[in-house]
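J.: Starting off with a structure, shown below.
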Protein chains: 2
Amino acid sequence: MDKIKFSDIRITGGLWRDKQDMVKNVTIDAVYNRFCETHRFEALKCTWKEGDPDCPHIFWDSDVAKWLESAAYIMATEERDEKLEKIFDDAVDLIVKNSDEHGYFNSHFLVTRQNERFCHRGEHELYCAGHLIEAAVAYYEATGKDKFLKAMCKYADYIEQVFKLEKSAEFFTPGHPELELALVRLYHATSDKRYLELSKYFIDEHGKPENGEISNNNYNQDDMPLRDRITADGHCVRALYLFCGMADIAYEYNDSGLLEACKRLFENITNRRMYITGGVGSTYMGESFTVDYDLPNRKAYAETCAAISLAMFAGRMQAIEPNSKYADIVEKVIYNGFLSGVSMDGKSFFYENPLEIDPGFNNKERFPITRRQEIFSCSCCPPNITRFIPSIAEYMYSYNDSVLYIHHYMNSETVGGSIGIVQETNYPADGEILIKCNIDKEYIALRIPGWCKSFKLSLPYEMKNGYAFVRLSGETEIRLTLDMPIEAIAANKRVHENAGRIAIMRGPVVYCAEGVDNGADLKNVRVDIHGNFELGSAEFLLPSIKTTGFRDADFDSLYKFADDAYEEFPLTLIPYYAFANRGTSEMLVWLLKK
Amino acid sequence: MDKIKFSDIRITGGLWRDKQDMVKNVTIDAVYNRFCETHRFEALKCTWKEGDPDCPHIFWDSDVAKWLESAAYIMATEERDEKLEKIFDDAVDLIVKNSDEHGYFNSHFLVTRQNERFCHRGEHELYCAGHLIEAAVAYYEATGKDKFLKAMCKYADYIEQVFKLEKSAEFFTPGHPELELALVRLYHATSDKRYLELSKYFIDEHGKPENGEISNNNYNQDDMPLRDRITADGHCVRALYLFCGMADIAYEYNDSGLLEACKRLFENITNRRMYITGGVGSTYMGESFTVDYDLPNRKAYAETCAAISLAMFAGRMQAIEPNSKYADIVEKVIYNGFLSGVSMDGKSFFYENPLEIDPGFNNKERFPITRRQEIFSCSCCPPNITRFIPSIAEYMYSYNDSVLYIHHYMNSETVGGSIGIVQETNYPADGEILIKCNIDKEYIALRIPGWCKSFKLSLPYEMKNGYAFVRLSGETEIRLTLDMPIEAIAANKRVHENAGRIAIMRGPVVYCAEGVDNGADLKNVRVDIHGNFELGSAEFLLPSIKTTGFRDADFDSLYKFADDAYEEFPLTLIPYYAFANRGTSEMLVWLLKK
C-alpha cells in the first residue's frame, strides 16, 4: 500500500504538535550544539591528522547524517529555514568535496585508515553510508536540491560495485544494518531499480554461510539466513533495522517467504520480548535481545533507538498488511518507550529507558542511569529522536485503490497530495475523534486499538483485522469514540520480573509512579485493581492518575512475622514518558497488585 | 565466659549427628581427594620450579590447613583415625622440613618469589599462616602431638619480629584477616601472651592512616580504625574474620570500645545486610557487603565461608554477653545459609548460596550457579564446612561462676570436662527438649529463640535477655517445649527485592519451593498466610511443608487486562538447606503473599 507522506500532513494540535514544536524550537539546536562542541560536524572537513585530538569516530557520520535528515524533515513540514539550510548545504559541500573519485565518503576511514576501507564489518562504514543516503533523500524531497542525492547515488554505485559486482570487500553484508532500508528509499527517490536490487542482495546474503560455515554468533543476526529466522536475537537496533529492510524487500518483491519471516519475528518480539512500553533489549551486554520473557525492569536496556526501530518495523508491517496489531505496536512505542527518550524540555536524552529506577541501590554492579544526558559518547539516540518526531505523521495513513486506512489518531489535516482528510481530536488525552474526509475510496478503515474494549462509531461499520470499515459516499464526517478507562494490565506469568505486579495504562499510555510524588520504597506499594482511579492534572501534557496506594507499615527490624497491615496513601501516577523530569527519584511501572 | 569444648560434647542423634557422620564418612575424604587431584597437598613439598605445571596458588596452604584442622576435629570428637593421622603427620613433616630458618612457611612464596616475602598485602601469606596455626592448635588439642604447634610458634615469633618489632614488612596488617583470631587460639594453647599481644597489635593497627593517609577503600576494611566502624563493608569473609579477632581482643582485654564496635557491626549486619538464611554478601563484586537493605536473591553472593564467619562472630558475641539475639544468628546460619553449602550426599558444595534460582533466565550477565560443584579453583568453602560441622558443639554452651548458658539445642551429652549435661531432643524436627544436668552452678539459662512466640518450661524461670533462668539444686531435669508452628515472615519494606513477598519458616529453618516439586514460574506463586500449612515427609532430614499455592492462569499473550483468577495447586516446600539436590530446577525462598 501507499502511504500519505508526512510532508503532506500537518499536525495541528495535541501532544505531537507540542513535541514537533519542541524539536523545531529546542531539540534540533540542542543536538546541533552538542555535536559542534564534540567536533562531529568539523569531522566532515576530513582534516584530522595523526596526533590531533578528537579523532573522528567510526559512527560520527551517522550522527551528523541523522541530524541532517531531521533538519530536512523540519523544513518539509514547517517552512524552509535559512539557518538549517545553510548548515545543511555547508555539510553537503564538505561531504561532496571530500568524497573520493569513487564517491566514497567516511570521515573516519578517509583520515585514519585509507587502506582499510571495507575491511572491518563491525566498523559501521555501510551503516554511515545508509544514514547519509537517507539524509540526501530527505533533503532532496524537502528542497528539491539534488547535489547530495547525486553524490550519494555515486557512493551507492560504488558500494554495488565493491560488494555485489566485484565482491572485493573483506566482508559480505553490513555489520550494522541500515543501508538495506536506505537503498530502498534511494530507489524510490531515483526510480533506479539497481538500488532496490542491491538492498535485496544484502538481505539475501545476510546469514548465509561464509567460507562454508554458518556463524554461531547471533549478535549480528549471522547465525542463519534471514528467511529462516524464528526469534529476534542479538543487538536490537541492528536486528530491527535489518527487519525493516526485510519488510521493504518483502513488500517490493511480493516475497511471501520473507514476509512470513517478518511476521514470525514480529510475533516473537511483541509476544515474548517486548516491555509494556514498547521498549526492547533486555540486557546492556551486546545491547541485545536475550530469551523469551526475560524482561528485567531496573536493568532494562530498551534503547531509544531500539524503540524507534521497532516502530519503523511495525510501521512497515502495518502498511503491508493492515492488521491493527501492527499499528498497536507503533502506538505503544511512540507514546511510551520512545517518548521517554527525551526530557520534557527537549534538551536531554535517555539512551536506556528502564522501567524501574531505584537510586538507593545503585551499587557497584552496572545499573541504569537515573537522569537524562545532553549527549552521549555514542549519541545515536538524540538525532534519531529529532528525525522521528517531525516525520511521525508518516505512520498515520496508508491506502490502496479502495481503502484508506487510518492507523493513528492525531489532530491534523492533510495539506497537499491527492487525499484530503482532517482529524479533530485531543487523542490520546481522550478518545473522541472527528474525521472529515472527501476522498475517492470505497472504504475508510479506522483502527480500533487493542487496548480499547468498547467504542462507538457514528456510521455503520464492519470489523476486519481490528479495523472498522466504513463505506464512503462523498464528503463524510465520522465520529469515533474510543472508551478510554484506566486499566490494570498484568504480564504473562512467565515474565518472572513482573510476578504479582500490574501496570496502569490509559489508552495507549503506560503510567508510572515516581518517588517525588509518592515517597520511597515504591516496590512495596500495592494497588487495588478494583479501587477508584481518577484523572488528575496534566503537568506533563497528558493527565496524571490518582488512586489509593497501600504500603507496609514501617518497622525497624529486617524481618518480622507477616501480617496484613497496610498504610493507605494517595498514589499519583504520571505518564511513563515523563519520568525523570524532576531530579533523581525512584520510578516504577510495575506496581504490586493488592 | 568459658565454653564447654566441642571435644567434651558428643552429638548423639538428630540432624547434626547425621551431618557429622557425613563429614567423617564422606566429605573429609571427598575434599582430600579433590585436593590431591589438584596438587594442593603436593605443594607442601615445595619442589615446584619455573616451567612446571600447577604453580602452587597463594591460598592453597589455607585450603590444606583447613582440611588438616577438620581432620583434627574429627579425631577429637570421634576416635583417633590412623589414616587421617598419617596424612596429617606427613603434611606436618613436609611443612616443618620446608620451613626456613625463621620458621617461615608458604608453599607459594618459598618456590616462586623468595624475595617477595611479606611484600604483598593482598596475597594471603598471613591468612595462610593463620590457618596453619589453627590447624596446629587443633591437632595438638586432639592428639597431644606438638611438632606442628612448635613450628607454628616459631613462625608466629617471626611474624611478631617482622611486623611488630622491626616493622620491616612492606605492609602493616593482614590483607585477608584470619591471623588475628588464630593468634588468640595460639595464646590459649601455649599461654604465651605475646601471641595475644600480637593479635591486639594487628587489630589496633588495622585501618590506621598509612603514610598519613586514610584509605578510602573499604574492601579490606581499611577506611577507618576498627573502633570507629559503624557499618560492615567490603569483602564479607575478610570483614567477619576481622570482627572475630576484634571480639576476641575485646573479650581478652575487657576492651569496651572495641566491644561496642563489635556490637554496632553485629547490629548493622543482622538488621540491615543479612539474608533471612543468615547469608551475607550482596554482590559478587568484591564478594562484599553493599548498602543497607540491598539483598538481591538471585544474585545473592552469600558465600558459604561468609555464613560460617558470621556464625563465628555471633558465637563469640554470644559467649561474651549472653543475649539471645547472638545465638539466634548462630542458629539462623547453621540451619540455613551454612548448611546449604554442602549437598545432601556430602560430596559437592556451593560457594554462593542464592535465595532464588531461575535457570530459564541464565543469560549473558553473571548469574548464580545452579548446581553444587566438587571443588572450586578458589576452594575455601569445602574445608571450612568440614571443620565447622565436627566442631559445631562448641557453640552450645558457655558459663561463668554462677550460670550455665544453653545457647543451642542438639541431642547430645557431655563426655568429659567438669560439667555434665545431657540433652534429649529431636530439635529442630520439633521443639521438645529434655535437659538433664547435675552441675555446680546457681542457674541454668535456656535460650528461648527469637522465632518462638510461646513455650513451656517444667520448672519456674525468669526471663533475661532472651534466656529463661532456672535455679538449680542438685540433679535437675528440665523439660522445655518450644512451640514451633509454620510461620510466614515478611522483610522490611526497604528490602525492595522482597516487596510483596513472604518466606516460610518453621523454627529456625527457612523453607523454599523448588520447581521439581511445584512446576515452573515459581516467582508467580502466591501463598495465603492464613491458609492451612501441614508438615510432610522428611526426605531431607527435616519435614517438608505442604500448603495451597495459587498461580496465575496460563495465557498466550505477553500482557492482558489484570484479573483475580488464580489456579490452586498443592505447594510443597523443603528446607532451604536441601535445595539443588535433585538436578537443575527453579528455587525460590520469597514467595508472593496472596
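Residue numbering restarts at 1 for every chain of the C-alpha cells, chains are lettered A, B, ... in their displayed order, and ligands are numbered from 1 as they appear.
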So which residues touch segment 429-444 of chain B within 10 Å, counting only C-alpha atoms, skipping near sequence neighbours fewer than 4 positions away, as a ChimeraX atom specification?

T.: /B:14-15,399-406,409-414,418-425,452,455-458,461,467-485,506-507,509,538,541-543

J.: Give as a list of chain:residue names every residue of chain A that touches chain B within 7 Å, counting only C-alpha atoms.

T.: A:Asn271, A:Arg272, A:Thr290, A:Asp294, A:Phe361, A:Asn363, A:Ala488, A:Ile489, A:Ala490, A:Ala491, A:Asn492, A:Lys493, A:Arg494, A:His496, A:Ala499, A:Gly500, A:Asp521, A:Lys523, A:Asn524, A:Asp552, A:Phe555, A:Ser557, A:Leu558, A:Tyr559, A:Lys560, A:Phe561, A:Ala562, A:Leu592

J.: Please compute the atom CA of Lys19 of chain B-atom CA of Val415 of chain B distance, one decimal, in Å.

T.: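 Taking atom CA of Lys19 of chain B and atom CA of Val415 of chain B, their separation equals 19.4 Å.
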
J.: Quick check, in Å to one decimal: how far apart do atom CA of Glu287 of chain A and atom CA of Ile375 of chain A lie?

T.: 18.3 Å

J.: Taking the DSSP assignment computed from this structure's backbone, write out as a PDB file with N, CA and C atoms, in the first residue's frame all residues of segment 418-532 of chain A that belong to strand (DSSP E).

T.:
ATOM      1  N   ILE A 421      -7.964  14.833   4.204  1.00  0.00           N
ATOM      2  CA  ILE A 421      -8.561  14.248   5.411  1.00  0.00           C
ATOM      3  C   ILE A 421      -8.155  15.077   6.619  1.00  0.00           C
ATOM      4  N   VAL A 422      -9.138  15.298   7.486  1.00  0.00           N
ATOM      5  CA  VAL A 422      -8.919  16.102   8.694  1.00  0.00           C
ATOM      6  C   VAL A 422      -9.305  15.263   9.899  1.00  0.00           C
ATOM      7  N   GLN A 423      -8.468  15.319  10.936  1.00  0.00           N
ATOM      8  CA  GLN A 423      -8.836  14.710  12.221  1.00  0.00           C
ATOM      9  C   GLN A 423      -8.912  15.801  13.276  1.00  0.00           C
ATOM     10  N   GLU A 424     -10.040  15.868  13.961  1.00  0.00           N
ATOM     11  CA  GLU A 424     -10.155  16.787  15.093  1.00  0.00           C
ATOM     12  C   GLU A 424     -10.236  15.938  16.353  1.00  0.00           C
ATOM     13  N   THR A 425      -9.233  16.043  17.193  1.00  0.00           N
ATOM     14  CA  THR A 425      -9.179  15.167  18.372  1.00  0.00           C
ATOM     15  C   THR A 425      -8.141  15.669  19.370  1.00  0.00           C
ATOM     16  N   GLU A 432     -12.156  10.876  21.872  1.00  0.00           N
ATOM     17  CA  GLU A 432     -13.107  11.459  20.910  1.00  0.00           C
ATOM     18  C   GLU A 432     -12.363  11.865  19.647  1.00  0.00           C
ATOM     19  N   ILE A 433     -12.780  11.333  18.509  1.00  0.00           N
ATOM     20  CA  ILE A 433     -12.110  11.651  17.243  1.00  0.00           C
ATOM     21  C   ILE A 433     -13.161  11.968  16.181  1.00  0.00           C
ATOM     22  N   LEU A 434     -13.050  13.157  15.580  1.00  0.00           N
ATOM     23  CA  LEU A 434     -13.931  13.536  14.476  1.00  0.00           C
ATOM     24  C   LEU A 434     -13.098  13.499  13.194  1.00  0.00           C
ATOM     25  N   ILE A 435     -13.558  12.721  12.244  1.00  0.00           N
ATOM     26  CA  ILE A 435     -12.818  12.580  10.987  1.00  0.00           C
ATOM     27  C   ILE A 435     -13.656  13.158   9.850  1.00  0.00           C
ATOM     28  N   LYS A 436     -13.049  14.060   9.097  1.00  0.00           N
ATOM     29  CA  LYS A 436     -13.728  14.636   7.934  1.00  0.00           C
ATOM     30  C   LYS A 436     -12.911  14.282   6.699  1.00  0.00           C
ATOM     31  N   CYS A 437     -13.565  13.716   5.712  1.00  0.00           N
ATOM     32  CA  CYS A 437     -12.812  13.386   4.517  1.00  0.00           C
ATOM     33  C   CYS A 437     -13.714  13.458   3.290  1.00  0.00           C
ATOM     34  N   TYR A 443     -13.885   2.623   0.934  1.00  0.00           N
ATOM     35  CA  TYR A 443     -13.953   2.489   2.387  1.00  0.00           C
ATOM     36  C   TYR A 443     -12.915   3.365   3.075  1.00  0.00           C
ATOM     37  N   ILE A 444     -13.277   3.762   4.245  1.00  0.00           N
ATOM     38  CA  ILE A 444     -12.242   4.257   5.156  1.00  0.00           C
ATOM     39  C   ILE A 444     -12.210   3.257   6.312  1.00  0.00           C
ATOM     40  N   ALA A 445     -11.003   2.837   6.717  1.00  0.00           N
ATOM     41  CA  ALA A 445     -10.860   1.806   7.749  1.00  0.00           C
ATOM     42  C   ALA A 445     -10.190   2.431   8.964  1.00  0.00           C
ATOM     43  N   LEU A 446     -10.911   2.433  10.069  1.00  0.00           N
ATOM     44  CA  LEU A 446     -10.419   3.099  11.288  1.00  0.00           C
ATOM     45  C   LEU A 446      -9.900   2.037  12.254  1.00  0.00           C
ATOM     46  N   ARG A 447      -8.676   2.191  12.649  1.00  0.00           N
ATOM     47  CA  ARG A 447      -8.132   1.218  13.607  1.00  0.00           C
ATOM     48  C   ARG A 447      -8.837   1.353  14.951  1.00  0.00           C
ATOM     49  N   PHE A 455     -16.222   0.887  21.942  1.00  0.00           N
ATOM     50  CA  PHE A 455     -16.152   2.140  21.181  1.00  0.00           C
ATOM     51  C   PHE A 455     -17.485   2.392  20.495  1.00  0.00           C
ATOM     52  N   LYS A 456     -17.676   3.632  20.042  1.00  0.00           N
ATOM     53  CA  LYS A 456     -18.873   3.987  19.275  1.00  0.00           C
ATOM     54  C   LYS A 456     -18.442   4.636  17.968  1.00  0.00           C
ATOM     55  N   LEU A 457     -19.179   4.341  16.904  1.00  0.00           N
ATOM     56  CA  LEU A 457     -18.927   4.969  15.616  1.00  0.00           C
ATOM     57  C   LEU A 457     -20.245   5.574  15.134  1.00  0.00           C
ATOM     58  N   GLU A 462     -18.053  -2.339   9.614  1.00  0.00           N
ATOM     59  CA  GLU A 462     -17.808  -3.773   9.697  1.00  0.00           C
ATOM     60  C   GLU A 462     -16.373  -3.957  10.176  1.00  0.00           C
ATOM     61  N   MET A 463     -16.158  -4.842  11.149  1.00  0.00           N
ATOM     62  CA  MET A 463     -14.801  -5.021  11.679  1.00  0.00           C
ATOM     63  C   MET A 463     -14.029  -6.042  10.845  1.00  0.00           C
ATOM     64  N   LYS A 464     -12.789  -5.736  10.595  1.00  0.00           N
ATOM     65  CA  LYS A 464     -11.929  -6.682   9.887  1.00  0.00           C
ATOM     66  C   LYS A 464     -10.489  -6.436  10.333  1.00  0.00           C
ATOM     67  N   TYR A 467      -9.795  -3.300  12.246  1.00  0.00           N
ATOM     68  CA  TYR A 467     -10.180  -2.014  11.658  1.00  0.00           C
ATOM     69  C   TYR A 467     -11.691  -1.995  11.441  1.00  0.00           C
ATOM     70  N   ALA A 468     -12.300  -0.846  11.712  1.00  0.00           N
ATOM     71  CA  ALA A 468     -13.723  -0.659  11.429  1.00  0.00           C
ATOM     72  C   ALA A 468     -13.836  -0.050  10.031  1.00  0.00           C
ATOM     73  N   PHE A 469     -14.401  -0.825   9.125  1.00  0.00           N
ATOM     74  CA  PHE A 469     -14.536  -0.381   7.734  1.00  0.00           C
ATOM     75  C   PHE A 469     -15.851   0.380   7.583  1.00  0.00           C
ATOM     76  N   VAL A 470     -15.762   1.635   7.145  1.00  0.00           N
ATOM     77  CA  VAL A 470     -16.946   2.455   6.922  1.00  0.00           C
ATOM     78  C   VAL A 470     -17.016   2.753   5.430  1.00  0.00           C
ATOM     79  N   ARG A 471     -18.202   2.492   4.834  1.00  0.00           N
ATOM     80  CA  ARG A 471     -18.355   2.754   3.401  1.00  0.00           C
ATOM     81  C   ARG A 471     -18.488   4.263   3.190  1.00  0.00           C
ATOM     82  N   THR A 476     -17.611  12.956   3.907  1.00  0.00           N
ATOM     83  CA  THR A 476     -18.101  12.152   5.036  1.00  0.00           C
ATOM     84  C   THR A 476     -17.522  12.688   6.339  1.00  0.00           C
ATOM     85  N   GLU A 477     -18.361  12.684   7.354  1.00  0.00           N
ATOM     86  CA  GLU A 477     -17.901  13.049   8.684  1.00  0.00           C
ATOM     87  C   GLU A 477     -18.164  11.851   9.587  1.00  0.00           C
ATOM     88  N   ILE A 478     -17.117  11.410  10.272  1.00  0.00           N
ATOM     89  CA  ILE A 478     -17.254  10.219  11.123  1.00  0.00           C
ATOM     90  C   ILE A 478     -16.821  10.589  12.540  1.00  0.00           C
ATOM     91  N   ARG A 479     -17.681  10.226  13.486  1.00  0.00           N
ATOM     92  CA  ARG A 479     -17.308  10.470  14.874  1.00  0.00           C
ATOM     93  C   ARG A 479     -16.989   9.124  15.518  1.00  0.00           C
ATOM     94  N   LEU A 480     -15.763   8.992  15.978  1.00  0.00           N
ATOM     95  CA  LEU A 480     -15.335   7.755  16.652  1.00  0.00           C
ATOM     96  C   LEU A 480     -15.075   8.066  18.119  1.00  0.00           C
ATOM     97  N   THR A 481     -15.709   7.289  18.979  1.00  0.00           N
ATOM     98  CA  THR A 481     -15.472   7.476  20.413  1.00  0.00           C
ATOM     99  C   THR A 481     -14.883   6.191  20.974  1.00  0.00           C
ATOM    100  N   LEU A 482     -13.624   6.260  21.353  1.00  0.00           N
ATOM    101  CA  LEU A 482     -12.935   5.119  21.958  1.00  0.00           C
ATOM    102  C   LEU A 482     -13.032   5.258  23.469  1.00  0.00           C
ATOM    103  N   ILE A 486      -9.192   3.836  32.761  1.00  0.00           N
ATOM    104  CA  ILE A 486      -7.887   3.472  33.344  1.00  0.00           C
ATOM    105  C   ILE A 486      -7.905   1.965  33.588  1.00  0.00           C
ATOM    106  N   GLU A 487      -6.896   1.282  33.086  1.00  0.00           N
ATOM    107  CA  GLU A 487      -6.895  -0.184  33.159  1.00  0.00           C
ATOM    108  C   GLU A 487      -5.638  -0.698  33.865  1.00  0.00           C
ATOM    109  N   ALA A 488      -5.813  -1.809  34.561  1.00  0.00           N
ATOM    110  CA  ALA A 488      -4.655  -2.510  35.141  1.00  0.00           C
ATOM    111  C   ALA A 488      -4.275  -3.658  34.215  1.00  0.00           C
ATOM    112  N   ILE A 489      -3.003  -3.760  33.908  1.00  0.00           N
ATOM    113  CA  ILE A 489      -2.503  -4.765  32.969  1.00  0.00           C
ATOM    114  C   ILE A 489      -1.565  -5.712  33.714  1.00  0.00           C
ATOM    115  N   ALA A 490      -1.718  -6.989  33.442  1.00  0.00           N
ATOM    116  CA  ALA A 490      -0.813  -7.995  34.021  1.00  0.00           C
ATOM    117  C   ALA A 490       0.090  -8.541  32.927  1.00  0.00           C
ATOM    118  N   ALA A 491       1.233  -8.998  33.324  1.00  0.00           N
ATOM    119  CA  ALA A 491       2.138  -9.653  32.381  1.00  0.00           C
ATOM    120  C   ALA A 491       1.931 -11.157  32.453  1.00  0.00           C
ATOM    121  N   ARG A 501       2.549  -8.312  39.982  1.00  0.00           N
ATOM    122  CA  ARG A 501       2.537  -6.870  39.727  1.00  0.00           C
ATOM    123  C   ARG A 501       1.630  -6.522  38.550  1.00  0.00           C
ATOM    124  N   ILE A 502       1.199  -5.285  38.535  1.00  0.00           N
ATOM    125  CA  ILE A 502       0.374  -4.771  37.445  1.00  0.00           C
ATOM    126  C   ILE A 502       0.928  -3.426  36.994  1.00  0.00           C
ATOM    127  N   ALA A 503       0.620  -3.107  35.747  1.00  0.00           N
ATOM    128  CA  ALA A 503       0.944  -1.775  35.232  1.00  0.00           C
ATOM    129  C   ALA A 503      -0.373  -1.062  34.951  1.00  0.00           C
ATOM    130  N   ILE A 504      -0.376   0.236  35.148  1.00  0.00           N
ATOM    131  CA  ILE A 504      -1.578   1.025  34.888  1.00  0.00           C
ATOM    132  C   ILE A 504      -1.433   1.704  33.532  1.00  0.00           C
ATOM    133  N   MET A 505      -2.468   1.538  32.709  1.00  0.00           N
ATOM    134  CA  MET A 505      -2.485   2.192  31.401  1.00  0.00           C
ATOM    135  C   MET A 505      -3.801   2.941  31.235  1.00  0.00           C
ATOM    136  N   ARG A 506      -3.748   3.971  30.427  1.00  0.00           N
ATOM    137  CA  ARG A 506      -4.984   4.609  29.947  1.00  0.00           C
ATOM    138  C   ARG A 506      -4.787   4.819  28.459  1.00  0.00           C
ATOM    139  N   VAL A 509      -1.248   4.787  26.741  1.00  0.00           N
ATOM    140  CA  VAL A 509      -0.210   5.394  27.576  1.00  0.00           C
ATOM    141  C   VAL A 509       0.023   4.585  28.848  1.00  0.00           C
ATOM    142  N   VAL A 510       1.266   4.180  29.049  1.00  0.00           N
ATOM    143  CA  VAL A 510       1.670   3.469  30.257  1.00  0.00           C
ATOM    144  C   VAL A 510       1.998   4.508  31.331  1.00  0.00           C
ATOM    145  N   TYR A 511       1.572   4.255  32.550  1.00  0.00           N
ATOM    146  CA  TYR A 511       1.849   5.172  33.656  1.00  0.00           C
ATOM    147  C   TYR A 511       2.914   4.597  34.580  1.00  0.00           C
ATOM    148  N   CYS A 512       3.491   5.483  35.367  1.00  0.00           N
ATOM    149  CA  CYS A 512       4.479   5.047  36.352  1.00  0.00           C
ATOM    150  C   CYS A 512       4.319   5.870  37.623  1.00  0.00           C
ATOM    151  N   ALA A 513       4.863   5.340  38.697  1.00  0.00           N
ATOM    152  CA  ALA A 513       4.911   6.078  39.958  1.00  0.00           C
ATOM    153  C   ALA A 513       6.321   6.611  40.145  1.00  0.00           C
ATOM    154  N   GLU A 514       6.419   7.820  40.640  1.00  0.00           N
ATOM    155  CA  GLU A 514       7.746   8.366  40.967  1.00  0.00           C
ATOM    156  C   GLU A 514       7.831   8.692  42.456  1.00  0.00           C
ATOM    157  N   ARG A 526       1.223  -1.249  46.932  1.00  0.00           N
ATOM    158  CA  ARG A 526       0.185  -2.093  46.323  1.00  0.00           C
ATOM    159  C   ARG A 526      -0.950  -1.237  45.792  1.00  0.00           C
ATOM    160  N   VAL A 527      -1.552  -1.727  44.716  1.00  0.00           N
ATOM    161  CA  VAL A 527      -2.699  -1.056  44.114  1.00  0.00           C
ATOM    162  C   VAL A 527      -3.841  -2.057  44.031  1.00  0.00           C
TER     163      VAL A 527
END

J.: Compile the contact shell of Leu181 of chain A as a compact mmCIF listing (two decimals) with N, CA, C and O atoms, in the first residue's frame: residues with an atom at most 7 Å away, counting only C-alpha atoms, same-chain residues fewer than 6 positions apart removed.

T.:
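Writing done, so here's result.txt:
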# COMPACT_ATOMS: atom_id res chain seq x y z
N CYS A 244 13.47 -4.16 9.11
CA CYS A 244 12.84 -3.13 8.27
C CYS A 244 13.23 -3.34 6.80
O CYS A 244 12.38 -3.27 5.90
N GLY A 245 14.51 -3.60 6.60
CA GLY A 245 14.97 -3.87 5.23
C GLY A 245 14.29 -5.11 4.67
O GLY A 245 13.85 -5.14 3.51
N ASP A 248 10.78 -4.21 3.72
CA ASP A 248 10.78 -3.43 2.48
C ASP A 248 10.93 -4.34 1.26
O ASP A 248 10.21 -4.22 0.27
